[in-house]
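As structure tokens, the structure follows; a few thoughts come after it.
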Amino acid sequence: MSRLQNHIKQTGFKRVILAFGYSLQGFKAGWREPAFRQEALAACVLLPLAIWLGSTWLEQAALVGAVVAVMVVELLNTAIEAAIDRMGSEWHVLSKKAKDLGSAAVLMSLIFCGLVWLAALWHKFFSA
């Protein structure tokens with residue numbers, strides 16, 4: 001029985017436990033990607049800073065959310081790349097398009113994160 005068939009047949013708490021295990025495997029796979037490792041290590045610094053930098057819980061949530069969003073998008077981009085690579089190593093215009101779109105999504109999340117952090121820093125140190 002495949003892993004998917006085993007998961008589908010499960011119900012209740014057993015299914016939740018299996019899903020959690022698959023998520024942990026996903027984090028392990030993500031950790032093998034240099035970009036995700038760099039973002040995770042940056043998050044180790046930025047997340048505590050977010051608590052210090054944010055004046056309200058909403059500001060803290062925005063700072064934390066921006067950092068987490070980058071990591072989520074990176075994991076999704078890695079998943080897209082893995083799926084494309086599984087289909088074959090030959091070049092195809094749609095494979096390139098999918099990988100480029102995933103990369104653009106990561107870039108947009110990084111720009112968003114940077115702007116949120118710049119706005120928070122500006123508010124903390126330069127606004128009246």
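Every chain in the structure tokens takes a letter, A first, then B, and so on in the order presented; its residues are numbered from 1, and the ligands are numbered from 1 following the presented order.
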
Check which residues of segment 7-73 of chain A sit at most 8 Å from segment 99-119 of chain A using only C-alpha atoms, and return one row each with the closest pair of atoms and their distance in Å to one decimal, ordered by chain and rising number, as a tab-separated table.
residue	atom	partner	partner_atom	distance
A:Ala62	CA	A:Val116	CA	7.4
A:Leu63	CA	A:Trp117	CA	6.4
A:Ala66	CA	A:Cys113	CA	4.8
A:Val67	CA	A:Cys113	CA	6.1
A:Ala69	CA	A:Ser109	CA	6.6
A:Val70	CA	A:Ser109	CA	5.2
A:Val73	CA	A:Val106	CA	5.8

Each residue of segment 59-111 of chain A with at least one atom at most 9 Å from segment 12-34 of chain A should appear once, together with its nearest atom pair and the corresponding distance in Å (one decimal); atoms considered: only C-alpha atoms; ordering: chain, then increasing residue number; output as CSV.
residue,atom,partner,partner_atom,distance
A:Glu74,CA,A:Gly30,CA,8.4
A:Leu75,CA,A:Gly30,CA,6.2
A:Thr78,CA,A:Gly30,CA,7.3
A:Ala79,CA,A:Gly30,CA,8.8

Env of Ala40 of chain A: 8 Å cut, atoms = only C-alpha atoms, seq-sep filter 4 positions within chain, self excluded. Answer as a list in words. Phe36, Cys44 and Met71 of chain A

Written file, previous selection with N, CA, C and O atoms, as a compact mmCIF listing (two decimals), in the first residue's frame:
# COMPACT_ATOMS: atom_id res chain seq x y z
N PHE A 36 16.34 28.16 1.38
CA PHE A 36 15.48 28.00 2.55
C PHE A 36 16.30 28.03 3.84
O PHE A 36 15.87 28.63 4.83
N CYS A 44 15.67 33.26 12.39
CA CYS A 44 16.10 33.08 13.78
C CYS A 44 16.53 34.41 14.40
O CYS A 44 16.42 34.60 15.62
N MET A 71 9.38 32.36 3.81
CA MET A 71 9.71 30.95 3.97
C MET A 71 8.66 30.05 3.33
O MET A 71 9.00 29.04 2.70
